[in-house]
Structure formats: C-alpha cells, structure tokens
Amino acid sequence: MSCCAVHERALQDEVLKVTGLTVYRERQLAIENVSFSLLKGTDTAIVGPNGAGKSTLIQALLGILPRQTGEIQVLGQPVSKQGKLDTRVREQIAYLPQSFLFDRLLPMTVQELVGLGWDRLGWQLPWQSHNARQRAIREALSRVDAWHLRHQSLSGLSGGETKRVLLAYCLVRPRKLLILDEAPAGLDVRSEGAFYQLLKELKQENGWAILQISHDIDMVRQSCDRVICLNQTIHCQGTPQVTLTAENLSLTYGSDFVPYRHSCRDKQGKG
Ligand code: ADP
C-alpha cells in the first residue's frame with residue numbers, strides 16, 4: 001500500500017480528532033493544548049490524578065463545556081466552539097456518565113428508558129417496525145444481562161443495575177463512538193468482567209471507538225489499545241506497554257505515586 005493510501009485509510013478510520021484543545025473553568029486553566037485522535041475499533045483510556053482535567057476533556061468533547069482554543073472533529077465533522085455538532089454525527093456518540101441523577105419519582109420502567117434510545121432514531125428510520133424496536137430493546141438488555149429487569153421501575157435499581165441499563169440505552173442502536181466516565185464504578189466483580197468483555201466485542205465486532213476515563217491501571221494495561229496520561233496537559237500517550245512506565249506514571253501522578261496491583265488478577269495472569 002502506498003504512503004498516500006495508508007494516510008487515506010487512517011483518515012477514514014479516524015472517529016475523533018482533537019487538536020490543541022484548551023479549556024478554562026471559572027477562569028482557571030483546566031486542560032491545555034491537548035491533541036490526540038481515536039481510530040475505529042480501538043479502546044483508549046485517559047488516566048491521571050483527581051483534578052487532572054479528565055472529566056473536563058470529555059465534557060468539552062461532548063460540547064457540554066465551551067473551549068477557549070483548539071479544534072474537535074467527530075467523524076470528520078467539526079464541533080463548533082459553542083459545542084454544536086451535526087445532529088446525525090451527534091447520534092453516533094454514546095455517553096455513559098459516572099453517575100446518573102434523576103428524579104426517583106420518575107414513573108419509567110427499564111424497557112421504556114432503553115426504548116427512548118431507539119426512538120431517537122425514528123426520524124432516520126421511519127420504516128422500522130414495532131417488532132424491530134422490541135427486538136433491539138431485548139438484545140440490548142440481554143447483552144448487559146438485564147432483560148429480567150425490563151418491567152422494573154428505574155427508581156428500584158441498584159447502582160450497578162442502573163449502570164448496566166444505561167449501557168443498554170447506549171447499545172440499543174449502532175454507534176461509532178462510546179465515551180465512558182469511570183463506567184465500571186459501582187459494578188460487582190462479575191458484572192465488571194462482563195462489562196470489559198462487552199467493550200471488547202463492541203470494538204472488535206462492531207468497530208466502535210471507545211474512550212474511557214479509568215483509575216484502574218492494571219485494566220488499562222490488559223484491555224486498552226492506547227492510553228493518554230493527562231495532568232492538565234498530555235504528558236505521554238501511546239500503547240499501554242510502552243507508555244505506562246514507572247517514570248511516566250510518576251510524571252503524571254507525582255513522584256510519590258505507587259501503583260496498586262490487583263493481586264488476584266496477577267495470579268490469574270489475564271484478569
Ligand atoms: P478530573 O476529572 O481529572 O478529576 P476535572 O476535569 O473534574 O478533573 O477538574 C479539572 C479542573 O477543573 C480542576 O482544577 C477542578 O477543580 C476544576 N473543576 C472541576 N469541576 C468544576 C466546576 N464545576 N466548576 C469550576 N471548576 C471545576
């Protein structure tokens with residue numbers, strides 16, 4: 001393949017491109033000159049200490065926070081400085097927040113919530129039948145092992161169940177980019193394993209690009225294709241094997257950083 005063809009292919013596979021992104025929060029610099037890109041079918045983790053700007057970065061990507069400088073492109077379409085993005089491109093992004101705040105009196109069942117994720121497609125696929133909708137809801141809930149919760153009201157769910165149901169909301173229709181803010185927090189060990197297996201399937205079988213904030217360095221080493229070490233600015237990025245050195249982690253977290261290792265995962269080898 002020629003050099004131009006390789007470049008062309010990389011552009012086609014580029015789901016997100018961020019160049020020179022700087023964001024202030026209440027006049028304080030939160031992130032500075034951040035640049036990276038995400039390719040189709042890959043999983044990238046953002047690691048860094050509390051206050052490093054990880055959530056700020058994600059919120060700026062989603063257009064929730066305005067940026068001062070820099071460019072953001074999703075699937076080749078620019079995100080405006082005010083956070084506006086072509087609706088069809090926005091529909092390709094799924095976001096799973098760290099916590100989900102809602103009115104506990106909200107009279108909505110699990111399958112009604114997941115169905116809303118499908119209904120947002122209505123204007124794009126008017127020919128889709130009621131059966132297709134029901135099938136999609138069932139598949140999404142089954143993939144996160146939550147089909148049995150379908151008639152339950154949202155207010156009755158535990159934290160871990162809520163996470164799985166929100167993930168089903170993201171899965172109910174095809175997407176190109178999944179953004180996760182410490183998504184496994186609140187999941188038990190069994191659900192966490194299933195969760196990472198599902199992410200692997202989404203990237204390998206469905207070609208989703210995944211961007212996740214994580215505090216689990218072991219998991220990042222074992223499961224992610226790339227890692228971004230952020231502390232206001234990017235200190236280093238690349239494959240976990242090359243990037244997550246003791247030196248780089250000290251640079252990112254501070255010189256007294258001692259990584260915690262999961263002893264049972266180490267014993268099992270692959271976690
Ligand atoms: P992280 O997600 O890595 O913990 P954040 O993006 O939450 O970091 O925070 C980055 C910086 O922005 C910190 O200095 C933090 O104090 C500040 N910050 C976070 N949230 C707010 C907010 N709602 N208003 C003003 N400043 C904030």
# chains A, B, ... in the order shown; residues from 1 in each chain; ligands from 1
>>> residues_near_ligand(ligand="ligand 1", cutoff="10 Å", atoms="only C-alpha atoms and all ligand atoms", output="PyMOL selection string")
chain A and resi 23-31+46-60+65+181-182+213-214+230-232
>>> residues_around(residues="stretch 239-245 of chain A", least_positions_apart="3", cutoff="12 Å", atoms="only C-alpha atoms", output="VMD selection string")
chain A and resid 42 to 48 216 to 230 234 to 236 248 to 253 257 to 259
>>> residues_around(residues="A:Asn33", least_positions_apart="5", cutoff="6 Å", atoms="only C-alpha atoms", output="ChimeraX atom specification")
/A:20-22
>>> closest_residue(among="A:Phe100, A:Trp208, A:Tyr169, A:Tyr95", to="A:Glu14", atoms="only C-alpha atoms")
A:Trp208
>>> closest_residue(among="A:Gly63, A:Gly76, A:Pro97, A:Gly70", to="A:Leu180", atoms="only C-alpha atoms")
A:Pro97
>>> closest_residue(among="A:Arg104, A:Arg175, A:Arg120, A:Arg133", to="A:Ser153", atoms="only C-alpha atoms")
A:Arg104
>>> select_by_dssp(residues="stretch 56-268 of chain A", states="alpha helix (DSSP H)", output="PyMOL selection string")
chain A and resi 56-61+87-90+110-119+130-143+159-171+189-206+217-223+240-243+246-253+263-268
>>> write_last_selection(atoms="C-alpha atoms", output="JSON list (two decimals), in the first residue's frame")
[["chain", "number", "residue", "atom", "x", "y", "z"],
["A", 56, "THR", "CA", -13.33, 18.46, 31.62],
["A", 57, "LEU", "CA", -11.83, 16.93, 28.49],
["A", 58, "ILE", "CA", -14.82, 14.63, 28.00],
["A", 59, "GLN", "CA", -17.32, 17.41, 28.64],
["A", 60, "ALA", "CA", -15.56, 19.63, 26.11],
["A", 61, "LEU", "CA", -15.66, 16.77, 23.55],
["A", 87, "THR", "CA", -27.24, 16.03, 14.51],
["A", 88, "ARG", "CA", -26.58, 12.87, 12.51],
["A", 89, "VAL", "CA", -22.99, 12.79, 13.75],
["A", 90, "ARG", "CA", -24.05, 13.50, 17.33],
["A", 110, "VAL", "CA", -36.22, -0.05, 32.35],
["A", 111, "GLN", "CA", -37.55, -1.03, 28.93],
["A", 112, "GLU", "CA", -39.22, 2.37, 28.47],
["A", 113, "LEU", "CA", -35.86, 4.08, 29.07],
["A", 114, "VAL", "CA", -33.98, 1.80, 26.67],
["A", 115, "GLY", "CA", -36.78, 2.26, 24.11],
["A", 116, "LEU", "CA", -36.17, 6.02, 24.21],
["A", 117, "GLY", "CA", -32.65, 5.36, 22.91],
["A", 118, "TRP", "CA", -34.18, 3.58, 19.92],
["A", 119, "ASP", "CA", -36.92, 6.20, 19.38],
["A", 130, "HIS", "CA", -42.62, -2.06, 16.36],
["A", 131, "ASN", "CA", -41.16, -5.58, 16.28],
["A", 132, "ALA", "CA", -37.73, -4.29, 15.30],
["A", 133, "ARG", "CA", -37.89, -1.88, 18.21],
["A", 134, "GLN", "CA", -38.83, -4.63, 20.66],
["A", 135, "ARG", "CA", -36.08, -6.88, 19.28],
["A", 136, "ALA", "CA", -33.48, -4.12, 19.68],
["A", 137, "ILE", "CA", -34.55, -3.44, 23.29],
["A", 138, "ARG", "CA", -34.40, -7.14, 24.10],
["A", 139, "GLU", "CA", -30.96, -7.57, 22.50],
["A", 140, "ALA", "CA", -29.53, -4.52, 24.27],
["A", 141, "LEU", "CA", -30.85, -5.56, 27.69],
["A", 142, "SER", "CA", -29.75, -9.16, 27.18],
["A", 143, "ARG", "CA", -26.22, -8.05, 26.26],
["A", 159, "GLY", "CA", -26.22, 1.50, 41.32],
["A", 160, "GLY", "CA", -24.70, -1.41, 39.35],
["A", 161, "GLU", "CA", -28.03, -2.27, 37.70],
["A", 162, "THR", "CA", -28.53, 1.37, 36.73],
["A", 163, "LYS", "CA", -25.10, 1.33, 35.03],
["A", 164, "ARG", "CA", -25.99, -1.78, 33.04],
["A", 165, "VAL", "CA", -29.35, -0.36, 32.00],
["A", 166, "LEU", "CA", -27.70, 2.89, 30.86],
["A", 167, "LEU", "CA", -25.24, 0.86, 28.85],
["A", 168, "ALA", "CA", -28.21, -0.92, 27.22],
["A", 169, "TYR", "CA", -29.59, 2.55, 26.35],
["A", 170, "CYS", "CA", -26.28, 3.21, 24.56],
["A", 171, "LEU", "CA", -26.35, -0.19, 22.81],
["A", 189, "VAL", "CA", -16.67, -8.17, 40.12],
["A", 190, "ARG", "CA", -18.78, -10.45, 37.88],
["A", 191, "SER", "CA", -20.50, -7.53, 36.15],
["A", 192, "GLU", "CA", -17.17, -5.74, 35.74],
["A", 193, "GLY", "CA", -15.66, -8.74, 33.91],
["A", 194, "ALA", "CA", -18.74, -8.97, 31.65],
["A", 195, "PHE", "CA", -18.59, -5.22, 31.09],
["A", 196, "TYR", "CA", -15.00, -5.34, 29.78],
["A", 197, "GLN", "CA", -15.83, -8.35, 27.63],
["A", 198, "LEU", "CA", -18.71, -6.36, 26.11],
["A", 199, "LEU", "CA", -16.44, -3.39, 25.36],
["A", 200, "LYS", "CA", -14.07, -5.78, 23.61],
["A", 201, "GLU", "CA", -16.92, -7.13, 21.46],
["A", 202, "LEU", "CA", -18.15, -3.64, 20.62],
["A", 203, "LYS", "CA", -14.75, -2.59, 19.32],
["A", 204, "GLN", "CA", -13.78, -5.85, 17.63],
["A", 205, "GLU", "CA", -17.12, -6.91, 16.14],
["A", 206, "ASN", "CA", -18.93, -3.59, 15.74],
["A", 217, "ILE", "CA", -4.02, 0.95, 35.61],
["A", 218, "ASP", "CA", -3.98, -2.88, 35.55],
["A", 219, "MET", "CA", -7.17, -2.95, 33.48],
["A", 220, "VAL", "CA", -5.76, -0.33, 31.10],
["A", 221, "ARG", "CA", -2.62, -2.41, 30.63],
["A", 222, "GLN", "CA", -4.63, -5.55, 29.90],
["A", 223, "SER", "CA", -7.60, -4.26, 27.90],
["A", 240, "PRO", "CA", -0.05, 0.90, 27.47],
["A", 241, "GLN", "CA", 3.00, -1.35, 27.27],
["A", 242, "VAL", "CA", 5.25, 1.49, 26.12],
["A", 243, "THR", "CA", 3.53, 4.38, 27.90],
["A", 246, "ALA", "CA", 7.06, 3.95, 36.34],
["A", 247, "GLU", "CA", 8.71, 7.15, 35.12],
["A", 248, "ASN", "CA", 5.69, 8.28, 33.09],
["A", 249, "LEU", "CA", 3.27, 7.43, 35.90],
["A", 250, "SER", "CA", 5.36, 9.47, 38.37],
["A", 251, "LEU", "CA", 5.41, 12.33, 35.90],
["A", 252, "THR", "CA", 1.61, 12.18, 35.58],
["A", 253, "TYR", "CA", 0.57, 11.42, 39.17],
["A", 263, "SER", "CA", -3.20, -9.47, 43.33],
["A", 264, "CYS", "CA", -5.94, -11.89, 42.19],
["A", 265, "ARG", "CA", -5.76, -10.63, 38.58],
["A", 266, "ASP", "CA", -1.97, -11.00, 38.69],
["A", 267, "LYS", "CA", -2.32, -14.58, 39.88],
["A", 268, "GLN", "CA", -4.77, -15.34, 37.08]]
>>> closest_residue(among="A:Ala185, A:Leu62, A:Gln237, A:Gly41", to="A:Ala94", atoms="only C-alpha atoms")
A:Leu62
>>> atom_distance(atom1="atom CA of A:Ser35", atom2="atom CA of A:Thr19")
4.3 Å
>>> closest_residue(among="A:Leu149, A:Leu157, A:Leu177, A:Leu187", to="A:Leu38", atoms="only C-alpha atoms")
A:Leu177
>>> select_by_dssp(residues="stretch 12-170 of chain A", states="strand (DSSP E)", output="number ranges by chain")
A: 14-25, 28-39, 43-47, 69-74, 77-78, 93-96
>>> closest_residue(among="A:Asp86, A:Ile72, A:Ser155, A:Pro184", to="A:Leu105", atoms="only C-alpha atoms")
A:Ser155
